[in-house]
Amino acid sequence: MQIAALVSGGVDSSVTIPLLREQGYNPVIFYIRIGMEDEPGYVDCPAEEDIEITTYIARKYGCRMEIVDLQKEYWDRVVAYTIDAVKKGLTPNPDVMCNRLIKFGSFEDRFGKQFDKVSTGHYARVIENDKGFFLGTAADPVKDQTYFLARITYPQLSKLMFPVGGLVKSEVRSIAENMRLPSAHRPDSQGICFLGKINYNDFIRRYAGEKEGIIIELETGKILGKHKGFWFHTIGQRKGLGLSHGPWFVVKKDTNENIVYVSNGYDPLSQYQMKIVLDDLQSIHPETGFTDGQFIRFKIRHQPNFNSGRLSIRDNRVAIISDEPVSGVAPGQFGVLYHPTEAVCFGSGVIGHDPIAT
């Protein structure tokens, strides 16, 4: 079996190589370049260190290695999506789209015919039975990354391997230490990888500009201050508002009038919703259907815990009706659906605006 192993230089993807070798495979290692080195103001991303570590691992385990430049594809498909969503006042998730469009999209388009399987360091599992392939959650609930994988297609899933999906993070670190891998104690990456060390607001400012608007307390209508554009703020945000007597949370945005609405307190009622509208609902397995009243578990962000609820399908609009109020529901993010009792991810929809709530 021919296996392409996507290795970034981090500990998780690094450990996949000795695990695959133990199973008798001889994977070809690919390091994918998606950074923005050619963009003005770009501050060095650890690409050189990543490549150095990945090259070391390839030599240690006798694997062929290739560096693949997908920067243009990433810019055209993922960065453009991010900028467009931000300008509309939405909260994008570049990591979700990168998995579908780049790691398992553009890469597959270029190299797919050469390999039977593609291996990555994601914390997830592929469940195979007589009904086909299913996306399963990882053994480590804190590190589980099915939220970021919920937008992949069934053909993509059918080719994937997640060697660390059955391990917890401490076990992965232990393997890296025992194998004396240079990434053993490397900290997990934070933030959006294509930005490198660029400040997120600086990136948004470069492509969306600034436009002064007002900050209003939702409950009283009182003007509390000013902001430099609604696109710098997301639902649930607490830091960076510049308001005293906090904490203040962003609870709503008026994109037409460029107004940011906030509520005060650590747990303001206006932060919570029971109904979460989903647009463009997609299932991963072709035989997975969604029905009105269907019980599900769900996540609206990457987190270890599930929320529970049921689906409401009315006039071709799909919504999650949560069993309990949920905070920080941000349009543009993804609502990811899971089986109510089994460790299976069904698919996802894009969180939309609830016309009643707004």
# chains A, B, ... in the order shown; residues from 1 in each chain; ligands from 1
>>> select_by_dssp(residues="segment 139-299 of chain A", states="alpha helix (DSSP H)", output="MDAnalysis selection string")
chainID A and resid 146:149 154:158 169:178 200:208
>>> residues_around(residues="segment 338-355 of chain A", least_positions_apart="3", cutoff="7 Å", atoms="only C-alpha atoms", output="count of residues only")
26
>>> residues_around(residues="Gly121 of chain A", least_positions_apart="2", cutoff="7 Å", atoms="only C-alpha atoms", output="short mmCIF file (atom, residue, chain, number, x, y, z; two decimals) with N, CA and C atoms, in the first residue's frame")
data_model
loop_
_atom_site.label_atom_id
_atom_site.label_comp_id
_atom_site.auth_asym_id
_atom_site.auth_seq_id
_atom_site.Cartn_x
_atom_site.Cartn_y
_atom_site.Cartn_z
N ASP A 12 2.73 15.71 16.75
CA ASP A 12 1.68 14.76 16.37
C ASP A 12 1.94 14.12 15.01
N SER A 13 2.21 14.94 14.01
CA SER A 13 2.47 14.38 12.68
C SER A 13 3.82 13.66 12.64
N THR A 16 3.51 10.03 13.67
CA THR A 16 2.84 9.12 12.73
C THR A 16 3.83 8.27 11.94
N TYR A 123 -6.03 14.33 15.50
CA TYR A 123 -6.65 13.50 16.54
C TYR A 123 -8.09 13.20 16.12
N PHE A 162 -5.41 8.18 10.45
CA PHE A 162 -5.06 9.03 11.58
C PHE A 162 -4.34 8.18 12.63
N PRO A 163 -3.04 7.95 12.47
CA PRO A 163 -2.32 7.03 13.36
C PRO A 163 -2.34 7.39 14.84
N VAL A 164 -2.47 8.69 15.19
CA VAL A 164 -2.45 9.06 16.61
C VAL A 164 -3.87 9.19 17.18
#
>>> select_by_dssp(residues="segment 101-192 of chain A", states="strand (DSSP E or B)", output="list of chain:residue names")
A:Lys117, A:Val118, A:Ser119, A:Arg125, A:Val126, A:Ile127, A:Glu128, A:Asn129, A:Gly132, A:Phe133, A:Phe134, A:Leu135, A:Gly136, A:Leu160, A:Met161
>>> write_last_selection(atoms="N, CA and C atoms", output="PDB file, in the first residue's frame")
ATOM      1  N   LYS A 117      -3.531   5.785   0.388  1.00  0.00           N
ATOM      2  CA  LYS A 117      -3.976   6.422   1.618  1.00  0.00           C
ATOM      3  C   LYS A 117      -3.159   7.686   1.885  1.00  0.00           C
ATOM      4  N   VAL A 118      -3.761   8.599   2.660  1.00  0.00           N
ATOM      5  CA  VAL A 118      -3.080   9.806   3.115  1.00  0.00           C
ATOM      6  C   VAL A 118      -3.138   9.823   4.638  1.00  0.00           C
ATOM      7  N   SER A 119      -1.983   9.947   5.265  1.00  0.00           N
ATOM      8  CA  SER A 119      -1.887   9.934   6.720  1.00  0.00           C
ATOM      9  C   SER A 119      -1.601  11.336   7.242  1.00  0.00           C
ATOM     10  N   ARG A 125     -10.437   9.477  14.237  1.00  0.00           N
ATOM     11  CA  ARG A 125     -10.349   8.076  13.817  1.00  0.00           C
ATOM     12  C   ARG A 125     -11.218   7.844  12.588  1.00  0.00           C
ATOM     13  N   VAL A 126     -10.801   6.900  11.765  1.00  0.00           N
ATOM     14  CA  VAL A 126     -11.623   6.453  10.647  1.00  0.00           C
ATOM     15  C   VAL A 126     -12.228   5.113  11.042  1.00  0.00           C
ATOM     16  N   ILE A 127     -13.552   5.088  11.089  1.00  0.00           N
ATOM     17  CA  ILE A 127     -14.273   3.856  11.436  1.00  0.00           C
ATOM     18  C   ILE A 127     -14.759   3.215  10.140  1.00  0.00           C
ATOM     19  N   GLU A 128     -14.364   1.973   9.910  1.00  0.00           N
ATOM     20  CA  GLU A 128     -14.770   1.266   8.696  1.00  0.00           C
ATOM     21  C   GLU A 128     -15.593   0.046   9.068  1.00  0.00           C
ATOM     22  N   ASN A 129     -16.751  -0.075   8.454  1.00  0.00           N
ATOM     23  CA  ASN A 129     -17.586  -1.255   8.647  1.00  0.00           C
ATOM     24  C   ASN A 129     -18.274  -1.598   7.332  1.00  0.00           C
ATOM     25  N   GLY A 132     -19.373   1.278   5.136  1.00  0.00           N
ATOM     26  CA  GLY A 132     -18.411   2.213   4.587  1.00  0.00           C
ATOM     27  C   GLY A 132     -17.538   2.851   5.651  1.00  0.00           C
ATOM     28  N   PHE A 133     -17.175   4.098   5.413  1.00  0.00           N
ATOM     29  CA  PHE A 133     -16.261   4.825   6.291  1.00  0.00           C
ATOM     30  C   PHE A 133     -17.014   5.922   7.051  1.00  0.00           C
ATOM     31  N   PHE A 134     -16.625   6.085   8.324  1.00  0.00           N
ATOM     32  CA  PHE A 134     -17.228   7.106   9.166  1.00  0.00           C
ATOM     33  C   PHE A 134     -16.126   7.851   9.907  1.00  0.00           C
ATOM     34  N   LEU A 135     -16.369   9.142  10.174  1.00  0.00           N
ATOM     35  CA  LEU A 135     -15.411   9.951  10.924  1.00  0.00           C
ATOM     36  C   LEU A 135     -15.681   9.772  12.408  1.00  0.00           C
ATOM     37  N   GLY A 136     -14.736   9.153  13.122  1.00  0.00           N
ATOM     38  CA  GLY A 136     -14.888   8.903  14.547  1.00  0.00           C
ATOM     39  C   GLY A 136     -14.078   9.876  15.375  1.00  0.00           C
ATOM     40  N   LEU A 160      -8.219   8.459   4.185  1.00  0.00           N
ATOM     41  CA  LEU A 160      -7.441   9.010   5.299  1.00  0.00           C
ATOM     42  C   LEU A 160      -7.041   7.965   6.329  1.00  0.00           C
ATOM     43  N   MET A 161      -5.901   8.238   6.969  1.00  0.00           N
ATOM     44  CA  MET A 161      -5.415   7.472   8.114  1.00  0.00           C
ATOM     45  C   MET A 161      -5.009   8.465   9.197  1.00  0.00           C
TER      46      MET A 161
END
>>> atom_distance(atom1="atom CA of Gln145 of chain A", atom2="atom CA of Gly166 of chain A")
12.3 Å
>>> closest_residue(among="A:His185, A:Val326, A:Pro286, A:Ser8", to="Glu49 of chain A", atoms="only C-alpha atoms")
A:Ser8
>>> atom_distance(atom1="atom CA of Met274 of chain A", atom2="atom CA of Arg100 of chain A")
29.1 Å
>>> closest_residue(among="A:Ser170, A:Gln23, A:Thr82, A:Gln114", to="Val11 of chain A", atoms="only C-alpha atoms")
A:Ser170
>>> closest_atom_pairs(of="segment 64-92 of chain A", to="segment 106-110 of chain A", cutoff="12 Å", atoms="only C-alpha atoms", output="tab-separated table")
residue	atom	partner	partner_atom	distance
A:Ile67	CA	A:Phe107	CA	11.5
A:Val68	CA	A:Phe107	CA	8.4
A:Asp69	CA	A:Phe107	CA	9.7
A:Leu70	CA	A:Ser106	CA	7.6
A:Gln71	CA	A:Ser106	CA	10.6
A:Lys72	CA	A:Ser106	CA	10.4
A:Glu73	CA	A:Ser106	CA	7.1
A:Tyr74	CA	A:Ser106	CA	8.7
A:Trp75	CA	A:Ser106	CA	11.9
A:Asp76	CA	A:Ser106	CA	11.2
A:Arg77	CA	A:Ser106	CA	9.8
A:Val78	CA	A:Ser106	CA	11.3
>>> write_last_selection(atoms="C-alpha atoms", output="mmCIF file, in the first residue's frame")
data_model
loop_
_atom_site.group_PDB
_atom_site.id
_atom_site.type_symbol
_atom_site.label_atom_id
_atom_site.label_comp_id
_atom_site.auth_asym_id
_atom_site.auth_seq_id
_atom_site.Cartn_x
_atom_site.Cartn_y
_atom_site.Cartn_z
ATOM 1 C CA ILE A 67 8.211 19.717 -0.149
ATOM 2 C CA VAL A 68 4.974 20.803 -1.823
ATOM 3 C CA ASP A 69 4.221 24.470 -2.434
ATOM 4 C CA LEU A 70 0.474 25.097 -2.169
ATOM 5 C CA GLN A 71 0.750 28.773 -1.248
ATOM 6 C CA LYS A 72 -1.141 30.021 -4.301
ATOM 7 C CA GLU A 73 -3.913 27.483 -3.824
ATOM 8 C CA TYR A 74 -4.129 28.386 -0.152
ATOM 9 C CA TRP A 75 -4.351 32.081 -0.920
ATOM 10 C CA ASP A 76 -6.913 31.658 -3.691
ATOM 11 C CA ARG A 77 -9.166 29.301 -1.739
ATOM 12 C CA VAL A 78 -8.686 29.698 2.014
#
>>> closest_residue(among="A:Lys222, A:Lys159, A:Arg59, A:Arg206", to="Ile83 of chain A", atoms="only C-alpha atoms")
A:Arg206
>>> closest_residue(among="A:Val7, A:Phe148, A:Glu48, A:Arg310", to="Met97 of chain A", atoms="only C-alpha atoms")
A:Phe148
>>> closest_residue(among="A:Leu157, A:Ile53, A:Ile204, A:Val336", to="Val79 of chain A", atoms="only C-alpha atoms")
A:Ile204
>>> residues_around(residues="Pro268 of chain A", least_positions_apart="2", cutoff="12 Å", atoms="only C-alpha atoms", output="ChimeraX atom specification")
/A:217-219,236,238,246-251,262-266,270-273,325-328
